[in-house]
Amino acid sequence: MTGPGALTLPQLEAVLAVADEGSFTVAAQVLGISQPSLSRRIHSLEETLGLRLFLPVGRQMQLTDAGRRVANTARRTLQDLEDLRRQEAGADGALSGTLRAAGLPSLVATRLPRHLGAFHRAHRDVRIEVFAQEDRELLVESVRTGRADVALTAAGHVPPDLEALELRPQTFLAVVPRETDASDAHGTLSARDLAERTLVTLPEGTSIREVTESVFRGQGTTPPRVITTTQRDALVALALASDGLTIVPEDLAESSPPTGTRRLRLPSDVQRPVVALHRREHLRTPALSAFLEVLAADV
C-alpha cells in the first residue's frame, strides 16, 4: 500500500462526485472530465488504499463502508482547504466555510428558509448550499458521507454515528375551497368531505402522501378520486380547481395564496416530529455548530 502522499486532490474530488451523483457518467460531467479519466482516478485511489470504494447497486454506484469513511475524510479535507483559501483571501475573523443543508422537500420549502436566512444574516461569509431529498434513508446517508452537514427530516431511528436535534413538529392541515362547510364551529374538516371530495396529493412513497393516507385510515374511509402530482406548489391550486382537498404541512398551507382557500383542522390532530440530523461534535465544522445554535433557538 502506497503512503498517504500518493493521494491527490483530483482523486478526492472524484470520490465525492461519484458519491454525490451515484454515477460515473454524471460525476464526470460535473467535474468536466471524461469518464475514463474519472475511472482512472477512482481506480488508482482504490489501488493506493487497497480498498474497494464503490459497488454497483442497480443503476447506481454506492459507497462501501470503507468508501464512506474515505468520502468523509475527503470532504473534510477539501473543506479545510477551502477555509484556508478564504482566510488567506482576507477573512477578518468572521465565520467562513460552507454549510450544506438538506431536508425533506416540504421542510426545505418551509422551515429551512427561515433558519438559513437568520444564519446568513449573522454569518454572511459562509457559503450555503441546499438540496431536497424525499427519502429519509438517503438523507441519513447524505449526512454520513458529508454531502450534507445537516438534514431536516421526520423523526425516526438515529444511527449511532449521528446525532439529532429535536425541532418543533409539523402540524398538518386540510386546504379546501373557501365555500366548504366545516363539521363544527372549530373549523374541522368533516368526515363527509374526506369521503366525497377528490384528493389531490403527492405520489405514493412520499412523506406527505404517507401522512395523508394515515388520516383517511383513521377515519375508516378512502378518497373517491385521487389526483397525483409531483409538484408540491401545485397541490393547493389543483385542489381548488378540482373542488377537492389536499392535506399538507401547516407551513405549506399558510404559504399558499389565501384567496379562495380555507384551511381546516383535521378530524384528529396530525403532527410529524421533526429533527435535524447532523454529525457528532468532533466532526462538526464551525459553520455547522453555528447553524445548530440557530436551530436550537427556535425549538
# chains A, B, ... in the order shown; residues from 1 in each chain; ligands from 1
$ residues_around --residues "Met61 of chain A" --least-positions-apart "2" --cutoff "12 Å" --atoms "only C-alpha atoms" --output "MDAnalysis selection string"
chainID A and resid 15:27 52:59 63:64 67
$ closest_atom_pairs --of "segment 260-293 of chain A" --to "segment 110-117 of chain A" --cutoff "12 Å" --atoms "only C-alpha atoms" --output "JSON lines"
{"residue": "A:Val274", "atom": "CA", "partner": "A:Arg111", "partner_atom": "CA", "distance": 10.4}
{"residue": "A:Val275", "atom": "CA", "partner": "A:Arg111", "partner_atom": "CA", "distance": 11.5}
{"residue": "A:Ala276", "atom": "CA", "partner": "A:Leu112", "partner_atom": "CA", "distance": 10.5}
{"residue": "A:Ala287", "atom": "CA", "partner": "A:Leu116", "partner_atom": "CA", "distance": 11.5}
{"residue": "A:Leu288", "atom": "CA", "partner": "A:Leu116", "partner_atom": "CA", "distance": 11.4}
{"residue": "A:Ala290", "atom": "CA", "partner": "A:Leu116", "partner_atom": "CA", "distance": 11.0}
{"residue": "A:Phe291", "atom": "CA", "partner": "A:Leu116", "partner_atom": "CA", "distance": 7.9}
{"residue": "A:Leu292", "atom": "CA", "partner": "A:His115", "partner_atom": "CA", "distance": 9.7}
{"residue": "A:Glu293", "atom": "CA", "partner": "A:His115", "partner_atom": "CA", "distance": 10.2}
$ residues_around --residues "segment 135-145 of chain A" --least-positions-apart "2" --cutoff "6 Å" --atoms "only C-alpha atoms" --output "list in words"
Arg68, Ala71, Asn72, Gln133, Arg147, Ala148 and Asp149 of chain A
$ write_last_selection --atoms "N, CA, C and O atoms" --output "JSON list (two decimals), in the first residue's frame"
[["chain", "number", "residue", "atom", "x", "y", "z"],
["A", 68, "ARG", "N", -17.34, 5.10, 2.41],
["A", 68, "ARG", "CA", -17.99, 6.14, 3.20],
["A", 68, "ARG", "C", -16.96, 6.86, 4.09],
["A", 68, "ARG", "O", -16.97, 8.08, 4.22],
["A", 71, "ALA", "N", -14.87, 9.04, 1.87],
["A", 71, "ALA", "CA", -15.63, 10.21, 1.44],
["A", 71, "ALA", "C", -15.72, 11.26, 2.55],
["A", 71, "ALA", "O", -15.60, 12.47, 2.31],
["A", 72, "ASN", "N", -15.93, 10.80, 3.78],
["A", 72, "ASN", "CA", -15.98, 11.73, 4.91],
["A", 72, "ASN", "C", -14.66, 12.48, 5.05],
["A", 72, "ASN", "O", -14.62, 13.70, 5.24],
["A", 133, "GLN", "N", -34.41, 16.03, -0.54],
["A", 133, "GLN", "CA", -34.38, 14.59, -0.77],
["A", 133, "GLN", "C", -35.62, 13.99, -0.14],
["A", 133, "GLN", "O", -35.87, 14.18, 1.06],
["A", 147, "ARG", "N", -22.13, 14.85, 2.37],
["A", 147, "ARG", "CA", -22.75, 15.63, 1.31],
["A", 147, "ARG", "C", -23.62, 16.72, 1.92],
["A", 147, "ARG", "O", -23.76, 17.81, 1.37],
["A", 148, "ALA", "N", -24.20, 16.42, 3.08],
["A", 148, "ALA", "CA", -24.96, 17.41, 3.85],
["A", 148, "ALA", "C", -24.35, 17.50, 5.24],
["A", 148, "ALA", "O", -23.98, 16.48, 5.83],
["A", 149, "ASP", "N", -24.23, 18.71, 5.76],
["A", 149, "ASP", "CA", -23.79, 18.89, 7.15],
["A", 149, "ASP", "C", -24.95, 18.66, 8.11],
["A", 149, "ASP", "O", -24.75, 18.18, 9.22]]
